[in-house]
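Note: the block below is run33.txt and it holds compact mmCIF, C-alpha atoms.
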```txt
# COMPACT_ATOMS: atom_id res chain seq x y z
CA MET A 1 -52.25 21.12 70.48
CA LEU A 2 -49.76 18.28 70.07
CA GLU A 3 -48.98 19.44 66.55
CA LYS A 4 -47.99 22.88 67.79
CA GLN A 5 -45.71 21.32 70.41
CA LYS A 6 -44.11 19.07 67.79
CA LYS A 7 -43.56 22.03 65.47
CA LYS A 8 -42.03 24.06 68.32
CA GLN A 9 -39.75 21.20 69.27
CA ALA A 10 -38.66 20.69 65.65
CA LYS A 11 -37.94 24.40 65.33
CA LYS A 12 -35.84 24.35 68.51
CA GLN A 13 -33.89 21.36 67.22
CA LYS A 14 -33.18 23.15 63.94
CA ILE A 15 -31.96 26.22 65.80
CA LYS A 16 -29.68 24.07 67.98
CA ALA A 17 -28.31 22.30 64.93
CA LEU A 18 -27.56 25.62 63.22
CA GLN A 19 -25.85 26.90 66.35
CA MET A 20 -23.77 23.73 66.59
CA ILE A 21 -22.69 23.95 62.96
CA GLN A 22 -21.55 27.52 63.48
CA ASN A 23 -19.41 26.54 66.49
CA PRO A 24 -15.79 26.13 65.29
CA GLN A 25 -14.93 23.69 68.09
CA ILE A 26 -17.73 21.34 67.06
CA LEU A 27 -16.69 21.60 63.41
CA THR A 28 -13.10 20.77 64.33
CA ALA A 29 -14.20 17.74 66.36
CA LEU A 30 -16.41 16.58 63.49
CA GLN A 31 -13.56 16.98 60.99
CA GLU A 32 -11.20 14.98 63.22
CA ARG A 33 -13.80 12.25 63.50
CA LEU A 34 -14.20 12.12 59.72
CA ASP A 35 -10.44 12.04 59.24
CA GLY A 36 -10.32 9.11 61.64
CA LEU A 37 -12.83 7.24 59.50
CA VAL A 38 -10.64 7.69 56.42
CA GLU A 39 -7.63 6.42 58.35
CA THR A 40 -9.70 3.50 59.60
CA LEU A 41 -10.67 2.60 56.03
CA ALA A 42 -7.05 2.77 54.88
CA ALA A 43 -5.99 0.62 57.82
CA TYR A 44 -8.76 -1.86 57.04
CA ILE A 45 -7.64 -2.18 53.43
CA GLU A 46 -4.04 -2.65 54.58
CA SER A 47 -5.15 -5.45 56.92
CA LEU A 48 -6.70 -7.44 54.08
CA PRO A 49 -4.86 -10.47 52.68
CA ARG A 50 -2.53 -9.76 49.75
CA VAL A 51 -4.82 -11.64 47.31
CA VAL A 52 -7.81 -9.49 48.26
CA LYS A 53 -5.75 -6.28 48.04
CA ARG A 54 -4.63 -7.32 44.57
CA ARG A 55 -8.26 -7.86 43.54
CA VAL A 56 -9.25 -4.46 44.94
CA ASN A 57 -6.41 -2.76 43.08
CA THR A 58 -7.21 -4.67 39.89
CA LEU A 59 -10.86 -3.63 40.11
CA LYS A 60 -9.83 0.01 40.02
CA ASN A 61 -8.99 -0.23 36.30
CA PRO A 62 -12.46 -1.38 35.14
CA HIS A 63 -13.96 1.17 37.52
CA VAL A 64 -12.01 3.97 35.82
CA GLU A 65 -13.01 2.61 32.40
CA CYS A 66 -16.68 2.70 33.44
CA ALA A 67 -16.28 6.25 34.69
CA GLN A 68 -14.73 7.28 31.37
CA ILE A 69 -17.55 5.65 29.40
CA GLU A 70 -20.11 7.29 31.66
CA ALA A 71 -18.43 10.68 31.16
CA LYS A 72 -18.60 10.22 27.38
CA PHE A 73 -22.25 9.20 27.69
CA TYR A 74 -23.16 12.32 29.65
CA GLU A 75 -21.17 14.46 27.23
CA GLU A 76 -23.19 13.07 24.33
CA VAL A 77 -26.45 13.47 26.28
CA HIS A 78 -25.51 17.10 26.91
CA ASP A 79 -24.80 17.66 23.22
CA LEU A 80 -28.11 16.04 22.30
CA LYS A 81 -29.99 18.20 24.80
CA ARG A 82 -28.37 21.32 23.34
CA GLU A 83 -29.34 20.19 19.83
CA TYR A 84 -32.96 19.61 20.84
CA ALA A 85 -33.11 22.83 22.86
CA VAL A 86 -32.78 24.70 19.56
CA LEU A 87 -35.72 22.70 18.17
CA TYR A 88 -37.84 23.29 21.28
CA GLN A 89 -37.22 27.03 21.46
CA PRO A 90 -39.80 28.11 18.82
CA VAL A 91 -42.44 26.00 20.57
CA PHE A 92 -41.55 27.51 23.95
CA ASP A 93 -41.64 31.00 22.47
CA LYS A 94 -45.09 30.36 21.03
CA ARG A 95 -46.36 29.01 24.35
CA PHE A 96 -44.91 32.02 26.15
CA LYS A 97 -46.75 34.40 23.80
CA ILE A 98 -50.05 32.55 24.28
CA ILE A 99 -49.73 32.37 28.07
CA ASN A 100 -48.83 36.05 28.38
CA ALA A 101 -51.60 37.16 25.97
CA ILE A 102 -49.08 38.49 23.45
CA TYR A 103 -50.65 36.20 20.87
CA GLU A 104 -54.37 35.49 20.87
CA PRO A 105 -55.28 32.16 19.22
CA THR A 106 -57.93 32.13 16.51
CA GLU A 107 -60.47 29.47 15.71
CA LYS A 108 -57.96 27.96 13.27
CA CYS A 109 -55.81 27.02 16.25
CA GLU A 110 -58.28 24.54 17.71
CA TRP A 111 -56.93 21.35 19.28
CA LYS A 112 -56.96 18.31 17.03
CA PRO A 113 -57.07 15.22 19.24
CA ASP A 114 -56.69 12.87 16.22
CA GLU A 115 -53.03 13.90 15.90
CA GLU A 116 -52.43 12.79 19.47
CA ASP A 117 -53.93 9.38 18.74
CA GLU A 118 -51.66 8.93 15.71
CA THR A 119 -48.61 9.93 17.75
CA SER A 120 -49.45 7.57 20.58
CA GLU A 121 -49.97 4.72 18.10
CA VAL A 122 -46.55 5.36 16.56
CA LEU A 123 -44.96 5.39 20.02
CA LYS A 124 -46.74 2.17 20.97
CA GLU A 125 -45.48 0.51 17.79
CA LYS A 126 -41.90 1.63 18.49
CA ALA A 127 -42.15 0.33 22.06
CA LYS A 128 -43.40 -3.01 20.76
CA ILE A 129 -40.46 -3.28 18.35
CA GLU A 130 -38.01 -2.43 21.14
CA ASP A 131 -39.58 -5.09 23.39
CA GLU A 132 -39.26 -7.68 20.63
CA LYS A 133 -35.58 -6.77 20.10
CA ARG A 134 -34.94 -7.06 23.83
CA ASP A 135 -36.67 -10.46 23.94
CA GLU A 136 -34.54 -11.69 21.02
CA GLY A 137 -31.41 -10.59 22.86
CA LYS A 138 -32.45 -12.60 25.92
CA LYS A 139 -33.12 -15.74 23.84
CA ARG A 140 -29.65 -15.72 22.26
CA PRO A 141 -27.27 -18.02 24.11
CA GLN A 142 -24.35 -16.18 25.64
CA GLY A 143 -20.97 -17.75 26.07
CA ASN A 144 -18.61 -19.35 23.58
CA SER A 145 -19.02 -17.77 20.16
```

As structure tokens - that is how I would like this structure written.
Amino acid sequence: MLEKQKKKQAKKQKIKALQMIQNPQILTALQERLDGLVETLAAYIESLPRVVKRRVNTLKNPHVECAQIEAKFYEEVHDLKREYAVLYQPVFDKRFKIINAIYEPTEKCEWKPDEEDETSEVLKEKAKIEDEKRDEGKKRPQGNS
């Protein structure tokens, strides 16, 4: 019984929220409040000591550099995904045909679990090598070179 009451109350709250969002006066008040927050932030930054403001402004350059590097990273990831999508497509097409009974597998198509074991061993070996490389990087002293 309590669950039904809670569900009813939640539904009423959702309806009220939707009605409030559709009210232009409430939206205007909300926008004014948000604008005030932006002005407050600008005023706060202006109230900081000159040294701190200089640091904040100086930090903007590395921030932009990071954003540019990140953009390049995602661009390359996108290109890589497109490249691999071409490789995946024949596999997806084959799966689609099997699932939709367009292609009926024969006995030749039996699952070979040994291949999976070999693949997992290769992956484990690669992970081990990566861990060793990472550990070597941690052991190297950083600083004056």

d(atom CA of Glu70 of chain A, atom CA of Thr58 of chain A) in Å: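 Separation of atom CA of Glu70 of chain A and atom CA of Thr58 of chain A: 19.4 Å.
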
Axis-aligned box for segment 97-106 of chain A, 5 Å per side, centre and edges in Å as lines of an AutoDock Vina configuration file:
```
center_x = -52.3
center_y = 35.3
center_z = 22.4
size_x = 21.2
size_y = 16.4
size_z = 21.9
```

Suppose you want the space between atom CA of Lys60 of chain A and atom CA of Leu41 of chain A; what is it in Å? 16.2 Å

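Taking atom CA of Lys133 of chain A and atom CA of Tyr84 of chain A as the two end points, the separation is 26.5 Å.
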